[in-house]
Structures are given as C-alpha cells and as structure tokens.
$ cat target39.txt   # compact mmCIF, C-alpha atoms and all ligand atoms
# COMPACT_ATOMS: atom_id res chain seq x y z
CA GLU A 134 0.00 0.00 0.00
CA TRP A 135 1.33 3.41 -0.96
CA GLN A 136 1.35 6.13 1.64
CA ALA A 137 2.21 9.75 1.09
CA ILE A 138 5.30 10.89 2.94
CA GLU A 139 4.38 13.72 5.27
CA THR A 140 6.52 16.83 5.25
CA GLY A 141 6.46 19.78 7.60
CA VAL A 142 8.15 23.14 7.77
CA GLY A 143 11.12 23.67 10.06
CA ASN A 144 12.15 27.16 11.07
CA THR A 145 15.69 26.30 12.04
CA MET A 146 18.40 28.31 13.73
CA TYR A 147 21.23 27.36 11.34
CA SER A 148 19.58 26.52 8.01
CA GLY A 149 16.63 28.89 7.69
CA GLN A 150 13.28 27.51 6.63
CA VAL A 151 13.55 23.87 5.57
CA THR A 152 11.39 20.86 4.77
CA LEU A 153 11.28 18.23 7.51
CA GLY A 154 10.12 14.64 7.31
CA THR A 155 7.24 14.31 9.79
CA ALA A 156 4.41 11.91 10.58
CA PRO A 157 0.70 12.76 10.54
CA SER A 158 -0.86 15.01 13.18
CA TYR A 159 2.13 15.58 13.95
CA THR A 160 5.47 14.29 15.19
CA LEU A 161 9.14 14.64 14.25
CA THR A 162 9.24 11.15 12.75
CA ASP A 163 10.96 10.96 9.38
CA THR A 164 9.02 8.20 7.64
CA GLY A 165 11.06 8.55 4.46
CA ARG A 166 14.32 8.03 6.38
CA GLY A 167 13.93 4.91 8.47
CA ASN A 168 11.51 6.60 10.93
CA HIS A 169 14.31 8.67 12.42
CA LYS A 170 12.71 10.46 15.40
CA THR A 171 13.70 13.56 17.34
CA TYR A 172 13.01 13.85 21.08
CA ASN A 173 13.02 16.66 23.61
CA LEU A 174 15.01 15.78 26.75
CA ASN A 175 14.00 19.15 28.22
CA GLY A 176 17.05 19.24 30.51
CA GLY A 177 17.10 15.54 31.30
CA THR A 178 20.15 13.36 30.80
CA SER A 179 18.65 9.90 30.38
CA GLY A 180 15.89 8.14 28.51
CA THR A 181 14.25 9.76 25.53
CA GLY A 182 12.19 12.55 27.09
CA THR A 183 9.24 13.22 24.82
CA LEU A 184 8.89 12.85 21.08
CA PHE A 185 8.38 16.29 19.56
CA SER A 186 4.70 16.58 18.72
CA ASN A 187 2.55 19.43 17.59
CA THR A 188 -0.95 20.31 16.41
CA THR A 189 0.42 21.93 13.26
CA ASP A 190 3.22 20.75 10.98
CA THR A 191 5.41 23.84 11.53
CA TRP A 192 8.34 23.48 13.92
CA GLY A 193 10.37 26.12 15.72
CA ASN A 194 10.76 29.82 15.02
CA GLY A 195 14.47 30.10 14.27
CA LEU A 196 15.32 31.14 17.83
CA PRO A 197 16.86 28.95 20.54
CA SER A 198 14.29 30.20 23.08
CA ASN A 199 11.68 28.17 21.23
CA LYS A 200 12.27 24.55 22.32
CA GLU A 201 11.23 23.21 18.93
CA THR A 202 13.95 25.09 17.09
CA ALA A 203 16.81 22.83 18.21
CA GLY A 204 14.57 19.87 17.39
CA ALA A 205 14.07 21.19 13.86
CA ASP A 206 17.81 21.72 13.38
CA ALA A 207 18.74 18.27 14.69
CA HIS A 208 16.01 16.59 12.64
CA TYR A 209 17.19 18.40 9.52
CA GLY A 210 20.87 17.57 10.13
CA ALA A 211 20.01 13.89 10.49
CA ALA A 212 17.96 14.00 7.27
CA LEU A 213 20.78 15.63 5.31
CA THR A 214 23.27 13.08 6.62
CA TRP A 215 20.89 10.23 5.77
CA ASP A 216 20.47 11.63 2.24
CA TYR A 217 24.22 12.11 1.79
CA TYR A 218 25.05 8.50 2.68
CA LYS A 219 22.13 7.14 0.63
CA ASN A 220 22.44 9.31 -2.47
CA VAL A 221 26.22 9.65 -2.64
CA HIS A 222 27.44 6.32 -1.26
CA GLY A 223 24.38 4.07 -1.61
CA ARG A 224 24.29 3.38 2.14
CA SER A 225 20.81 3.26 3.66
CA GLY A 226 21.15 4.47 7.23
CA ILE A 227 23.89 4.12 9.80
CA ARG A 228 23.90 0.30 9.67
CA GLY A 229 23.03 0.16 5.98
CA ASP A 230 19.77 -1.60 6.85
CA GLY A 231 17.33 1.26 6.24
CA VAL A 232 16.61 1.69 9.95
CA GLY A 233 16.76 5.21 11.38
CA ALA A 234 18.43 6.21 14.62
CA TYR A 235 17.04 9.01 16.80
CA SER A 236 18.11 12.40 18.07
CA ARG A 237 17.72 13.96 21.53
CA VAL A 238 18.01 17.70 22.08
CA HIS A 239 18.12 19.92 25.19
CA TYR A 240 20.39 17.48 27.03
CA GLY A 241 21.19 18.63 30.57
CA ASN A 242 21.81 22.21 31.58
CA ALA A 243 24.11 24.47 29.51
CA TYR A 244 25.79 21.37 28.10
CA VAL A 245 28.51 22.33 25.60
CA ASN A 246 28.84 19.14 23.58
CA ALA A 247 27.04 16.63 21.40
CA PHE A 248 27.65 12.93 21.13
CA TRP A 249 26.81 9.64 19.47
CA SER A 250 26.05 6.60 21.60
CA ASP A 251 26.23 3.03 20.31
CA SER A 252 24.13 1.80 23.23
CA CYS A 253 21.07 3.93 22.43
CA PHE A 254 21.86 4.10 18.69
CA CYS A 255 21.19 7.81 19.07
CA MET A 256 22.62 11.32 18.86
CA THR A 257 22.39 13.83 21.69
CA TYR A 258 22.82 17.60 21.67
CA GLY A 259 23.43 20.18 24.37
CA ASP A 260 22.17 23.76 24.34
CA GLY A 261 25.59 25.37 24.82
CA SER A 262 26.27 28.05 27.39
CA GLY A 263 27.34 31.68 27.38
CA ASN A 264 28.25 32.64 23.83
CA THR A 265 28.18 29.03 22.67
CA LYS A 266 25.05 28.27 20.68
CA PRO A 267 23.06 25.01 20.63
CA LEU A 268 25.21 22.26 19.19
CA THR A 269 22.75 21.39 16.44
CA SER A 270 24.46 22.73 13.32
CA ILE A 271 24.64 20.63 10.14
CA ASP A 272 28.32 19.74 10.57
CA VAL A 273 27.96 18.73 14.21
CA ALA A 274 24.96 16.52 13.38
CA ALA A 275 26.83 14.90 10.49
CA HIS A 276 29.92 14.44 12.69
CA GLU A 277 27.93 12.63 15.39
CA MET A 278 25.89 10.50 12.98
CA THR A 279 29.11 9.49 11.24
CA HIS A 280 30.40 8.08 14.54
CA GLY A 281 27.51 5.61 14.17
CA VAL A 282 28.58 4.74 10.62
CA THR A 283 32.22 4.24 11.70
CA SER A 284 31.12 2.12 14.61
CA ASN A 285 29.11 -0.12 12.28
CA THR A 286 31.79 -0.41 9.58
CA ALA A 287 35.52 -0.21 10.33
CA GLY A 288 34.87 -0.03 14.07
CA LEU A 289 37.95 2.15 14.59
CA VAL A 290 38.85 1.95 18.30
CA TYR A 291 38.42 5.38 19.95
CA SER A 292 41.98 5.75 21.25
CA GLY A 293 45.47 5.90 19.81
CA GLU A 294 45.92 6.46 16.08
CA SER A 295 42.72 4.57 15.22
CA GLY A 296 40.88 7.04 17.49
CA GLY A 297 42.31 9.95 15.51
CA LEU A 298 41.16 8.29 12.29
CA ASN A 299 37.72 7.73 13.85
CA GLU A 300 37.47 11.44 14.72
CA ALA A 301 38.79 12.46 11.28
CA THR A 302 36.15 10.29 9.63
CA SER A 303 33.47 12.27 11.47
CA ASP A 304 35.06 15.60 10.50
CA ILE A 305 35.55 14.51 6.87
CA PHE A 306 31.93 13.52 6.37
CA ALA A 307 30.75 16.54 8.39
CA ALA A 308 32.42 18.70 5.74
CA ALA A 309 31.11 16.52 2.91
CA VAL A 310 27.52 16.71 4.22
CA GLU A 311 27.75 20.48 4.69
CA PHE A 312 28.89 20.89 1.07
CA TYR A 313 26.19 18.43 -0.06
CA ALA A 314 23.50 20.43 1.77
CA ASN A 315 24.62 23.66 0.08
CA ASN A 316 22.43 25.61 2.47
CA ALA A 317 22.42 29.36 1.81
CA GLN A 318 22.94 30.12 5.52
CA ASP A 319 25.63 27.50 6.06
CA LYS A 320 27.67 26.96 2.91
CA GLY A 321 30.11 24.09 2.82
CA ASP A 322 33.54 24.63 4.34
CA TYR A 323 36.56 22.82 5.73
CA LEU A 324 35.91 24.16 9.21
CA VAL A 325 34.25 22.16 11.97
CA GLY A 326 31.65 23.73 14.24
CA GLU A 327 32.05 27.25 12.88
CA LYS A 328 28.40 28.10 13.58
CA ILE A 329 28.49 27.08 17.23
CA ASP A 330 31.01 29.67 18.36
CA ILE A 331 32.30 27.22 20.94
CA ARG A 332 35.21 29.49 21.93
CA GLY A 333 33.04 32.59 22.09
CA ASN A 334 35.36 34.50 19.75
CA GLY A 335 33.86 33.48 16.43
CA THR A 336 36.52 30.89 15.55
CA PRO A 337 35.66 27.31 14.60
CA LEU A 338 36.40 24.24 16.68
CA ARG A 339 38.72 22.75 14.03
CA TYR A 340 40.42 23.67 10.74
CA MET A 341 41.07 21.01 8.11
CA ASP A 342 43.43 22.98 5.84
CA LYS A 343 45.87 23.58 8.69
CA PRO A 344 44.67 21.80 11.83
CA SER A 345 47.29 23.42 14.09
CA LYS A 346 45.42 26.72 13.75
CA ASP A 347 43.29 25.56 16.70
CA GLY A 348 46.39 25.55 18.90
CA SER A 349 46.26 21.81 19.69
CA SER A 350 45.70 19.68 16.61
CA LYS A 351 48.61 18.31 14.59
CA ASP A 352 49.20 19.03 10.90
CA ALA A 353 51.30 15.94 10.26
CA TRP A 354 51.96 12.46 11.64
CA TYR A 355 54.74 11.99 14.21
CA SER A 356 55.66 9.04 16.40
CA GLY A 357 53.78 10.39 19.45
CA LEU A 358 50.51 11.06 17.60
CA GLY A 359 48.74 8.07 19.12
CA GLY A 360 49.30 9.49 22.60
CA ILE A 361 47.27 12.69 22.25
CA ASP A 362 43.52 13.36 22.42
CA VAL A 363 41.67 11.85 19.46
CA HIS A 364 40.23 15.28 18.57
CA TYR A 365 43.83 16.44 17.95
CA SER A 366 45.29 13.26 16.41
CA SER A 367 42.52 13.60 13.81
CA GLY A 368 44.40 16.64 12.51
CA PRO A 369 46.76 14.93 10.05
CA ALA A 370 43.95 12.88 8.46
CA ASN A 371 41.71 15.95 8.21
CA HIS A 372 44.66 17.72 6.58
CA TRP A 373 45.15 14.78 4.18
CA TYR A 374 41.49 15.05 3.13
CA TYR A 375 41.77 18.79 2.55
CA LEU A 376 44.98 18.40 0.53
CA LEU A 377 43.53 15.56 -1.55
CA SER A 378 40.35 17.55 -2.22
CA GLU A 379 41.70 21.03 -2.84
CA GLY A 380 45.47 20.76 -3.14
CA SER A 381 48.17 22.57 -1.20
CA GLY A 382 48.70 26.33 -0.95
CA ALA A 383 46.22 29.19 -0.76
CA LYS A 384 42.67 28.82 -2.02
CA THR A 385 39.23 30.33 -1.45
CA VAL A 386 36.18 28.05 -1.39
CA ASN A 387 32.66 29.42 -0.84
CA GLY A 388 34.20 32.67 0.39
CA VAL A 389 36.45 31.07 3.02
CA ASN A 390 40.23 31.47 2.67
CA TYR A 391 42.46 28.45 3.24
CA ASP A 392 46.22 28.00 3.16
CA SER A 393 47.32 24.41 3.39
CA PRO A 394 50.99 23.57 3.95
CA THR A 395 52.75 20.25 3.27
CA SER A 396 55.25 18.75 5.69
CA ASP A 397 57.54 17.54 2.88
CA GLY A 398 57.47 20.90 1.13
CA LEU A 399 56.18 19.30 -2.09
CA PRO A 400 52.95 20.50 -3.67
CA VAL A 401 49.79 18.37 -3.80
CA THR A 402 47.31 18.72 -6.67
CA GLY A 403 43.75 18.20 -5.48
CA ILE A 404 41.36 15.74 -7.15
CA GLY A 405 38.17 17.33 -5.84
CA ARG A 406 36.10 16.65 -2.76
CA ASP A 407 33.79 14.08 -4.34
CA LYS A 408 36.61 11.70 -5.28
CA ALA A 409 38.40 12.28 -1.96
CA SER A 410 35.19 11.47 -0.05
CA LEU A 411 34.54 8.38 -2.16
CA ILE A 412 38.06 7.08 -1.51
CA TRP A 413 37.71 7.61 2.26
CA PHE A 414 34.23 6.02 2.36
CA LYS A 415 35.36 2.94 0.43
CA ALA A 416 38.48 2.60 2.57
CA LEU A 417 36.38 2.94 5.75
CA THR A 418 33.89 0.32 4.63
CA THR A 419 36.13 -2.17 2.81
CA LYS A 420 39.73 -1.74 4.03
CA PHE A 421 39.91 -0.29 7.53
CA GLY A 422 39.46 -2.32 10.71
CA SER A 423 39.30 -1.61 14.42
CA ASN A 424 43.05 -1.12 14.81
CA THR A 425 43.89 0.65 11.55
CA ASN A 426 46.59 3.25 12.13
CA TYR A 427 47.87 6.05 9.89
CA ALA A 428 50.18 3.72 7.94
CA GLY A 429 47.24 1.35 7.43
CA ALA A 430 45.03 4.20 6.30
CA ARG A 431 47.60 5.05 3.66
CA THR A 432 47.71 1.43 2.47
CA GLY A 433 43.91 1.18 2.44
CA THR A 434 43.25 4.41 0.57
CA VAL A 435 45.97 3.70 -2.00
CA ALA A 436 44.40 0.27 -2.57
CA VAL A 437 40.95 1.84 -3.04
CA ALA A 438 42.25 4.52 -5.40
CA THR A 439 44.08 1.86 -7.40
CA GLU A 440 40.88 -0.19 -7.70
CA LEU A 441 38.82 2.84 -8.69
CA TYR A 442 41.22 4.73 -10.94
CA GLY A 443 44.28 2.57 -11.66
CA ALA A 444 47.77 2.32 -10.20
CA ASN A 445 49.35 5.22 -12.06
CA SER A 446 46.27 7.42 -12.27
CA PRO A 447 46.43 11.07 -11.17
CA GLU A 448 44.01 10.13 -8.38
CA THR A 449 46.22 7.40 -6.93
CA LEU A 450 49.32 9.58 -7.21
CA ALA A 451 47.50 12.41 -5.44
CA VAL A 452 46.48 10.05 -2.63
CA GLN A 453 50.14 9.07 -2.19
CA HIS A 454 51.35 12.67 -2.36
CA ALA A 455 48.77 13.79 0.21
CA TRP A 456 49.95 11.10 2.66
CA ALA A 457 53.58 12.11 2.10
CA ALA A 458 52.51 15.70 2.75
CA ILE A 459 51.39 14.73 6.26
CA ASN A 460 54.53 12.64 6.87
CA VAL A 461 53.05 9.20 6.24
CA GLY A 462 55.34 7.40 3.76
CA THR A 463 57.11 9.11 0.90
N1 LIG B 501 31.40 15.74 20.46
C1 LIG B 501 32.42 14.80 20.77
C2 LIG B 501 32.70 13.96 19.53
O1 LIG B 501 31.80 13.51 18.89
C3 LIG B 501 32.07 13.92 21.88
C4 LIG B 501 33.22 13.06 22.18
O2 LIG B 501 34.19 13.48 22.74
N2 LIG B 501 33.15 11.81 21.75
O3 LIG B 501 33.82 13.74 19.23
ZN ZN B 502 33.62 13.01 17.35
$ encode --input "target39.txt" --output "structure tokens" --more "lines below"
Ligand code: ASN
Ligand code: ZN
Amino acid sequence: EWQAIETGVGNTMYSGQVTLGTAPSYTLTDTGRGNHKTYNLNGGTSGTGTLFSNTTDTWGNGLPSNKETAGADAHYGAALTWDYYKNVHGRSGIRGDGVGAYSRVHYGNAYVNAFWSDSCFCMTYGDGSGNTKPLTSIDVAAHEMTHGVTSNTAGLVYSGESGGLNEATSDIFAAAVEFYANNAQDKGDYLVGEKIDIRGNGTPLRYMDKPSKDGSSKDAWYSGLGGIDVHYSSGPANHWYYLLSEGSGAKTVNGVNYDSPTSDGLPVTGIGRDKASLIWFKALTTKFGSNTNYAGARTGTVAVATELYGANSPETLAVQHAWAAINVGT
C-alpha cells in the first residue's frame, strides 16, 4: 500500500526555513528516512524525554528560546546526513539496513557538547552556554551520525591512532555533508563547528586545511601522535582530506580562505572533494578495521584509489602525495 510521505516546515536556527520529514498530526518522525525520530530531553540526561509533537506541521521559530527550534535543526541535520550517505554512497542508514536512529536535544543544563552513543543508537545535543550556541548545526549533526557509521563499519577503536582516524572520519563527512547540503545560511567549508562559536570569539572548533590553527591539533603524523587526544590526532587525516580535495597552498572556497601547507614541502594537486570522499568512504567500509593506524590508512586508501582509478592514475598519485605531505610514507 502506498502512503504519502508527510513533510512539515522547520524554522531552524542554522539553516533557515527547511522541509522536515514528519508523521501525521504531527510528530518529528521521518518516515522517508527509516523513521528517524527527534526527542526533547527538556534538561534531562537519560531516557528519551518526549517525542516532539505538535498540532500543526510547523516546527520552531528560528530562535533557541523556542524549544522546537533545536529539534528542527537536529532533525534536519540527520535527514541531510541520511540523504548524503544514501544518495552519494548508496548506504541506507547508519547500519546500511534502512533503519533510522534518533536524536535527543536539550540534554542537561548548559551542556557544551554533542555525542553519538552506540548503546542507544542515538545522537544527543546540548544547548551550549554563554556565547556558545546550541550544538545542532549541520556539521555537528553529520559528525555525530558518522560516529555511528564508523562504529558499524571499520569499528575504529576510539583511542590511539585509530581514534584519531575515527574522529577524522566524522570531520571529513561533516564537511562533505555540509557541502552536499549547500544551504544558503551555512555553505560548505573545511571548518568544523564554525556556527556554534564554541570558543566565544567566532573561531571554529577545528580547521582542516591547517589543523594546528586551533592551537592543539597536529598538521602531520609523528611518532607520538597516538598518545594525544583523538580530537587532535585527527588533525593529520583531516589535513590529508583537505589536501587531496583542494590541493596545497592558498585557495578560497565558498568565500572562506584556506592555506594548506605540506610537511615535505612538495605541492599536492587536489582531485576534488567528491573523489576524496569516495576514496575515504570505500576505505572505511572495505579496508579499515578496528586497529587501523595512519600507515594502514595510507595502504587502504591507495588500494581503493588503485581499484577505482588505476595504479598510475592522477588520483592514486594524489592520494600518495597527500599522505607524504602529512609525513606518512614518501
Ligand atoms: N562531540 C564529541 C565527539 O563527537 C564527543 C566526544 O568526545 N566523543 O567527538
Ligand atoms: Zn567526534
């Protein structure tokens, strides 16, 4: 039996007015995307709180003071990420089985983080505090949902070098989803969390062209990389993805200026974001395992590029040059 897919209107904080997948009379249940649901924890820190429901199919007013607004943003971010994996990589949902996860917003009090949990198969978002805005932007949603994908594919252990690769995977697809969304209020960029203002001074949480700009992340691999926080050991892999996509040196994309150095001093010619993302996705899902380290990531991505484009193709050479540029191999 055919059933019309219900859509509502979301007045989001980060993406303007958008279409949301909803269920009749009315809940934030995305029937076209595995019944992904969005719940209001209303300050709680456990359980699901209450499913967002409404007498009309319009959600939020664009302001964080309206409790539905964060729900609309989180619901939209999950939908975009679902669509990206399905339409770009042919993956239906986090497990590839067509089943949606769920989102929870308004976690705790002035909570300045968001997270994925394997145990609830869900994403959770805090409201931020002070200058920090609710953590429900497109890139943060895509970052957290991608932790679910990583967990259900390579299973990269969340410590040591594999932890850095796990974090980088979330940042890489956060950027890819943001570009895919092409939202007028949040154009794609190689910055992570730039809308959240987590530092209160307008700077993003992370920079992919030159990760060390955040003061903590590393631009290139070194022997101690596995000993630092996974949100900093992600730096070299984020940098690899930027270099492979856009190439080294100065460049402006969607109005944002980048300047990406190489640790070997040799230039890298980019192959474009779509090919770079495809190579990382295929490596994640067919080559990487729970203990893959940076050297293994090089081997896996070179193997994927060779399968896709050939051993001496510009794409495979660029993959190798980008790894050399972050001090992994030559
Ligand atoms: N927001 C953080 C992340 O997804 C939470 C954490 O530290 N795992 O990386
Ligand atoms: Zn993360």
$ residues_near_ligand --input "target39.txt" --ligand "ligand ZN 502 (chain B)" --cutoff "7 Å" --atoms "only C-alpha atoms and all ligand atoms" --output "list in words"
His276, Glu277, His280, Glu300 and Ser303 of chain A
$ atom_distance --input "target39.txt" --atom1 "atom CA of A:Thr425" --atom2 "atom CA of A:Gly359"
11.7 Å
$ atom_distance --input "target39.txt" --atom1 "atom CA of A:Val325" --atom2 "atom CA of A:Arg339"
5.0 Å
$ residues_near_ligand --input "target39.txt" --ligand "ligand LIG 501 (chain B)" --cutoff "6 Å" --atoms "all atoms listed in the file" --output "mmCIF file with C-alpha atoms, keeping the file's coordinate frame"
data_model
loop_
_atom_site.group_PDB
_atom_site.id
_atom_site.type_symbol
_atom_site.label_atom_id
_atom_site.label_comp_id
_atom_site.auth_asym_id
_atom_site.auth_seq_id
_atom_site.Cartn_x
_atom_site.Cartn_y
_atom_site.Cartn_z
ATOM 1 C CA ASN A 246 28.840 19.140 23.580
ATOM 2 C CA ALA A 247 27.040 16.630 21.400
ATOM 3 C CA PHE A 248 27.650 12.930 21.130
ATOM 4 C CA GLU A 277 27.930 12.630 15.390
#
$ residues_around --input "target39.txt" --residues "A:Tyr217" --least-positions-apart "3" --cutoff "7 Å" --atoms "all atoms listed in the file" --output "PyMOL selection string"
chain A and resi 213-214+220-221+310+313
$ write_last_selection --input "target39.txt" --atoms "C-alpha atoms" --output "PDB file, keeping the file's coordinate frame"
ATOM      1  CA  LEU A 213      20.780  15.630   5.310  1.00  0.00           C
ATOM      2  CA  THR A 214      23.270  13.080   6.620  1.00  0.00           C
ATOM      3  CA  ASN A 220      22.440   9.310  -2.470  1.00  0.00           C
ATOM      4  CA  VAL A 221      26.220   9.650  -2.640  1.00  0.00           C
ATOM      5  CA  VAL A 310      27.520  16.710   4.220  1.00  0.00           C
ATOM      6  CA  TYR A 313      26.190  18.430  -0.060  1.00  0.00           C
TER       7      TYR A 313
END
$ residues_around --input "target39.txt" --residues "stretch 440-453 of chain A" --least-positions-apart "5" --cutoff "9 Å" --atoms "all atoms listed in the file" --output "number ranges by chain"
A: 373, 376-377, 380, 401-404, 408-409, 412, 431, 434-435, 458, 461-463
$ atom_distance --input "target39.txt" --atom1 "atom CA of A:Thr181" --atom2 "atom CA of A:Ala212"
19.1 Å
$ build_atoms --input "target39.txt" --residues "stretch 366-386 of chain A" --atoms "N, CA and C atoms" --output "PDB file, in the coordinates of the input"
ATOM      1  N   SER A 366      44.594  14.207  17.302  1.00  0.00           N
ATOM      2  CA  SER A 366      45.290  13.260  16.410  1.00  0.00           C
ATOM      3  C   SER A 366      44.508  13.033  15.118  1.00  0.00           C
ATOM      4  N   SER A 367      43.287  13.570  15.061  1.00  0.00           N
ATOM      5  CA  SER A 367      42.520  13.600  13.810  1.00  0.00           C
ATOM      6  C   SER A 367      43.130  14.585  12.826  1.00  0.00           C
ATOM      7  N   GLY A 368      43.894  15.546  13.339  1.00  0.00           N
ATOM      8  CA  GLY A 368      44.400  16.640  12.510  1.00  0.00           C
ATOM      9  C   GLY A 368      45.073  16.203  11.219  1.00  0.00           C
ATOM     10  N   PRO A 369      46.088  15.322  11.285  1.00  0.00           N
ATOM     11  CA  PRO A 369      46.760  14.930  10.050  1.00  0.00           C
ATOM     12  C   PRO A 369      45.815  14.316   9.015  1.00  0.00           C
ATOM     13  N   ALA A 370      44.867  13.496   9.433  1.00  0.00           N
ATOM     14  CA  ALA A 370      43.950  12.880   8.460  1.00  0.00           C
ATOM     15  C   ALA A 370      42.975  13.921   7.892  1.00  0.00           C
ATOM     16  N   ASN A 371      42.530  14.850   8.732  1.00  0.00           N
ATOM     17  CA  ASN A 371      41.710  15.950   8.210  1.00  0.00           C
ATOM     18  C   ASN A 371      42.508  16.756   7.164  1.00  0.00           C
ATOM     19  N   HIS A 372      43.761  16.974   7.467  1.00  0.00           N
ATOM     20  CA  HIS A 372      44.660  17.720   6.580  1.00  0.00           C
ATOM     21  C   HIS A 372      44.852  16.955   5.265  1.00  0.00           C
ATOM     22  N   TRP A 373      45.038  15.638   5.367  1.00  0.00           N
ATOM     23  CA  TRP A 373      45.150  14.780   4.180  1.00  0.00           C
ATOM     24  C   TRP A 373      43.916  14.942   3.281  1.00  0.00           C
ATOM     25  N   TYR A 374      42.736  14.927   3.899  1.00  0.00           N
ATOM     26  CA  TYR A 374      41.490  15.050   3.130  1.00  0.00           C
ATOM     27  C   TYR A 374      41.399  16.419   2.448  1.00  0.00           C
ATOM     28  N   TYR A 375      41.784  17.464   3.178  1.00  0.00           N
ATOM     29  CA  TYR A 375      41.770  18.790   2.550  1.00  0.00           C
ATOM     30  C   TYR A 375      42.729  18.840   1.371  1.00  0.00           C
ATOM     31  N   LEU A 376      43.963  18.370   1.596  1.00  0.00           N
ATOM     32  CA  LEU A 376      44.980  18.400   0.530  1.00  0.00           C
ATOM     33  C   LEU A 376      44.527  17.591  -0.679  1.00  0.00           C
ATOM     34  N   LEU A 377      43.968  16.419  -0.439  1.00  0.00           N
ATOM     35  CA  LEU A 377      43.530  15.560  -1.550  1.00  0.00           C
ATOM     36  C   LEU A 377      42.371  16.215  -2.311  1.00  0.00           C
ATOM     37  N   SER A 378      41.504  16.900  -1.582  1.00  0.00           N
ATOM     38  CA  SER A 378      40.350  17.550  -2.220  1.00  0.00           C
ATOM     39  C   SER A 378      40.754  18.799  -2.978  1.00  0.00           C
ATOM     40  N   GLU A 379      41.487  19.676  -2.305  1.00  0.00           N
ATOM     41  CA  GLU A 379      41.700  21.030  -2.840  1.00  0.00           C
ATOM     42  C   GLU A 379      43.127  21.322  -3.273  1.00  0.00           C
ATOM     43  N   GLY A 380      44.068  20.495  -2.836  1.00  0.00           N
ATOM     44  CA  GLY A 380      45.470  20.760  -3.140  1.00  0.00           C
ATOM     45  C   GLY A 380      46.102  21.684  -2.112  1.00  0.00           C
ATOM     46  N   SER A 381      47.432  21.764  -2.174  1.00  0.00           N
ATOM     47  CA  SER A 381      48.170  22.570  -1.200  1.00  0.00           C
ATOM     48  C   SER A 381      48.161  24.052  -1.602  1.00  0.00           C
ATOM     49  N   GLY A 382      48.601  24.891  -0.676  1.00  0.00           N
ATOM     50  CA  GLY A 382      48.700  26.330  -0.950  1.00  0.00           C
ATOM     51  C   GLY A 382      47.431  27.083  -0.604  1.00  0.00           C
ATOM     52  N   ALA A 383      47.341  28.301  -1.094  1.00  0.00           N
ATOM     53  CA  ALA A 383      46.220  29.190  -0.760  1.00  0.00           C
ATOM     54  C   ALA A 383      45.065  28.977  -1.730  1.00  0.00           C
ATOM     55  N   LYS A 384      43.864  29.028  -1.200  1.00  0.00           N
ATOM     56  CA  LYS A 384      42.670  28.820  -2.020  1.00  0.00           C
ATOM     57  C   LYS A 384      41.457  29.380  -1.282  1.00  0.00           C
ATOM     58  N   THR A 385      40.492  29.880  -2.032  1.00  0.00           N
ATOM     59  CA  THR A 385      39.230  30.330  -1.450  1.00  0.00           C
ATOM     60  C   THR A 385      38.108  29.437  -1.956  1.00  0.00           C
ATOM     61  N   VAL A 386      37.318  28.910  -1.029  1.00  0.00           N
ATOM     62  CA  VAL A 386      36.180  28.050  -1.390  1.00  0.00           C
ATOM     63  C   VAL A 386      34.945  28.593  -0.677  1.00  0.00           C
TER      64      VAL A 386
END
